[in-house]
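Visitor: Pasting a structure below so you can have a look.
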Amino acid sequence: MIYIYNDYGGTHTTSLAAAYHLKQLPQSERKLTTEEILNVKFFNKLTKDDFGKLIFHGVDEEGNSVYSIGRKRNKYVVPALKEMSLLLQEKHQFDEKIVFSNTSPTVPFVMSMGGFFSRGLKIDMIGVPLLVKGAKRCCDNVFRLVENTKDIGRTTFAENVIVLENEMYK
């Protein structure tokens, strides 16, 4: 199975989601620390050159690959990837399940502003504290989204390509 977490920039909530998925972050009732957030692989490290690229994060405990992608505002990226996946599955008898999971609903406003200052304007001294504050605010939602994504991935649907919009995590 392949999991692909996606959102606007592909470097904040998608990186947190991949880290939770791969058990690189602890889940408990407490909020993440600043250190834990800033040590997440790819968190606030990707650039505009990385938009549209599948970023490999690792393999989970069940042998599933975990990726992320930043899609900007383009609502056609995930549907196009789904169609390409279905085409490859049909043409090459490739039957591995692929789950696309949108992390955008978990993004609080403060994190959007942090991303704008840090990634957009290159003003880390303003952006990074806002990103950390936003990550602390949304970490529980991101964790629950990941757990739901994994549960859906484990179910036996007739479809081998599943797209989760995750609106319930707003």
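Each chain of the structure tokens is named A, B, ... in the order shown, its residues numbered from 1; ligands are numbered from 1 in display order.
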Pick out the residues sitting within 8 Å of A:Asn44, and hand them over as a list in words; count only C-alpha atoms, and ignore anything fewer than 5 positions along from it in its own chain.
Guide: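 After dropping sequence-adjacent residues, the list is Thr11, His12, Gly115, Ser118 and Arg119 of chain A.
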Visitor: As a PyMOL selection string, please: the residues near A:Asp151 (cut-off 12 Å, only C-alpha atoms, same-chain neighbours under 6 positions excluded).
Guide: chain A and resi 3+21+99+101+144-145+157+164
Visitor: Which residue gives the smallest distance to A:Arg73 among A:Asp140, A:Tyr8, A:Leu88, A:Thr149, with only C-alpha atoms counted?
Guide: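 Nearest to A:Arg73: A:Tyr8.
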Visitor: Tell me which of A:Leu87, A:Val77, A:Ile152, A:Ala135 sits closest to A:Asp7, counting only C-alpha atoms.
Guide: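 Ranking A:Leu87, A:Val77, A:Ile152, A:Ala135 by distance to A:Asp7, first place goes to A:Val77.
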Visitor: As an mmCIF file with N, CA, C and O atoms, in the first residue's frame, please: the residues near A:Gly63 (cut-off 12 Å, only C-alpha atoms, same-chain neighbours under 2 positions excluded).
Guide:
data_model
loop_
_atom_site.group_PDB
_atom_site.id
_atom_site.type_symbol
_atom_site.label_atom_id
_atom_site.label_comp_id
_atom_site.auth_asym_id
_atom_site.auth_seq_id
_atom_site.Cartn_x
_atom_site.Cartn_y
_atom_site.Cartn_z
ATOM 1 N N MET A 1 0.830 -1.165 0.000
ATOM 2 C CA MET A 1 0.000 0.000 0.000
ATOM 3 C C MET A 1 0.884 1.241 0.000
ATOM 4 O O MET A 1 1.988 1.232 0.539
ATOM 5 N N ILE A 2 0.357 2.307 -0.600
ATOM 6 C CA ILE A 2 1.061 3.581 -0.661
ATOM 7 C C ILE A 2 0.152 4.653 -0.074
ATOM 8 O O ILE A 2 -1.020 4.762 -0.461
ATOM 9 N N TYR A 3 0.685 5.424 0.862
ATOM 10 C CA TYR A 3 -0.040 6.548 1.443
ATOM 11 C C TYR A 3 0.602 7.833 0.937
ATOM 12 O O TYR A 3 1.831 7.975 0.984
ATOM 13 N N HIS A 21 2.475 8.981 11.096
ATOM 14 C CA HIS A 21 2.233 7.703 10.424
ATOM 15 C C HIS A 21 3.399 6.744 10.665
ATOM 16 O O HIS A 21 3.190 5.553 10.906
ATOM 17 N N LEU A 22 4.604 7.257 10.596
ATOM 18 C CA LEU A 22 5.800 6.431 10.738
ATOM 19 C C LEU A 22 6.253 6.281 12.192
ATOM 20 O O LEU A 22 7.331 5.746 12.449
ATOM 21 N N GLY A 58 9.273 7.417 4.195
ATOM 22 C CA GLY A 58 9.708 6.168 4.791
ATOM 23 C C GLY A 58 8.694 5.062 4.605
ATOM 24 O O GLY A 58 7.694 5.210 3.905
ATOM 25 N N VAL A 59 8.971 3.945 5.280
ATOM 26 C CA VAL A 59 8.113 2.757 5.216
ATOM 27 C C VAL A 59 7.587 2.500 6.626
ATOM 28 O O VAL A 59 8.362 2.502 7.586
ATOM 29 N N ASP A 60 6.278 2.294 6.730
ATOM 30 C CA ASP A 60 5.684 2.095 8.057
ATOM 31 C C ASP A 60 5.867 0.665 8.557
ATOM 32 O O ASP A 60 6.467 -0.175 7.866
ATOM 33 N N GLU A 61 5.347 0.399 9.762
ATOM 34 C CA GLU A 61 5.552 -0.902 10.410
ATOM 35 C C GLU A 61 4.879 -2.047 9.660
ATOM 36 O O GLU A 61 5.187 -3.203 9.892
ATOM 37 N N SER A 65 4.618 2.283 2.004
ATOM 38 C CA SER A 65 5.377 3.497 1.711
ATOM 39 C C SER A 65 4.549 4.728 2.038
ATOM 40 O O SER A 65 3.344 4.763 1.785
ATOM 41 N N VAL A 66 5.223 5.752 2.585
ATOM 42 C CA VAL A 66 4.551 6.992 2.968
ATOM 43 C C VAL A 66 5.217 8.159 2.231
ATOM 44 O O VAL A 66 6.440 8.337 2.316
#
Visitor: Using only C-alpha atoms, which protein or nucleic acid residues come within 12 Å of A:Met113? Drop anything in the same chain fewer than 4 positions from it, and give the result as a short mmCIF file (atom, residue, chain, number, x, y, z; two decimals) with N, CA, C and O atoms, in the first residue's frame.
Guide:
data_model
loop_
_atom_site.label_atom_id
_atom_site.label_comp_id
_atom_site.auth_asym_id
_atom_site.auth_seq_id
_atom_site.Cartn_x
_atom_site.Cartn_y
_atom_site.Cartn_z
N VAL A 107 -5.18 22.59 8.98
CA VAL A 107 -4.30 23.76 9.05
C VAL A 107 -5.01 24.94 9.70
O VAL A 107 -5.97 25.47 9.15
N PRO A 108 -4.52 25.39 10.87
CA PRO A 108 -5.10 26.59 11.47
C PRO A 108 -4.56 27.85 10.78
O PRO A 108 -3.48 27.82 10.16
N PHE A 109 -5.28 28.95 10.92
CA PHE A 109 -4.90 30.20 10.27
C PHE A 109 -3.48 30.62 10.64
O PHE A 109 -2.71 31.07 9.78
N PHE A 117 4.95 33.76 5.86
CA PHE A 117 6.14 34.52 6.26
C PHE A 117 7.42 33.72 6.04
O PHE A 117 8.40 34.24 5.50
N SER A 118 7.43 32.45 6.45
CA SER A 118 8.65 31.66 6.39
C SER A 118 8.99 31.21 4.97
O SER A 118 10.10 31.43 4.49
N ARG A 119 8.06 30.53 4.31
CA ARG A 119 8.34 29.99 2.98
C ARG A 119 8.16 31.05 1.90
O ARG A 119 8.93 31.10 0.95
N GLY A 120 7.11 31.86 2.03
CA GLY A 120 6.82 32.84 0.98
C GLY A 120 7.72 34.05 1.00
O GLY A 120 8.28 34.44 -0.02
N LEU A 121 7.86 34.67 2.17
CA LEU A 121 8.64 35.90 2.28
C LEU A 121 10.06 35.69 2.81
O LEU A 121 10.84 36.63 2.88
N ILE A 123 10.99 35.14 5.86
CA ILE A 123 11.17 35.82 7.14
C ILE A 123 10.91 34.81 8.25
O ILE A 123 9.84 34.75 8.84
N ASP A 124 11.92 33.97 8.51
CA ASP A 124 11.78 32.89 9.48
C ASP A 124 11.56 33.38 10.91
O ASP A 124 10.89 32.72 11.69
N ILE A 126 9.70 35.57 12.02
CA ILE A 126 8.25 35.74 12.25
C ILE A 126 7.53 34.43 11.94
O ILE A 126 6.68 33.99 12.69
N GLY A 127 7.88 33.81 10.82
CA GLY A 127 7.15 32.64 10.35
C GLY A 127 7.30 31.39 11.20
O GLY A 127 6.31 30.71 11.47
N VAL A 128 8.51 31.07 11.62
CA VAL A 128 8.73 29.82 12.36
C VAL A 128 7.96 29.79 13.69
O VAL A 128 7.30 28.79 13.98
N PRO A 129 7.98 30.85 14.50
CA PRO A 129 7.17 30.80 15.73
C PRO A 129 5.68 30.61 15.46
O PRO A 129 4.99 29.91 16.20
N LEU A 130 5.18 31.22 14.37
CA LEU A 130 3.78 31.03 14.01
C LEU A 130 3.51 29.60 13.56
O LEU A 130 2.48 29.00 13.90
N LEU A 131 4.45 29.04 12.81
CA LEU A 131 4.31 27.64 12.38
C LEU A 131 4.29 26.69 13.57
O LEU A 131 3.47 25.76 13.62
N VAL A 132 5.16 26.92 14.53
CA VAL A 132 5.22 26.07 15.72
C VAL A 132 3.92 26.20 16.51
O VAL A 132 3.35 25.19 16.95
N LYS A 133 3.45 27.43 16.68
CA LYS A 133 2.18 27.64 17.39
C LYS A 133 1.04 26.91 16.67
O LYS A 133 0.21 26.25 17.30
N GLY A 134 1.01 27.01 15.36
CA GLY A 134 -0.02 26.32 14.58
C GLY A 134 0.10 24.81 14.67
O GLY A 134 -0.90 24.11 14.80
#
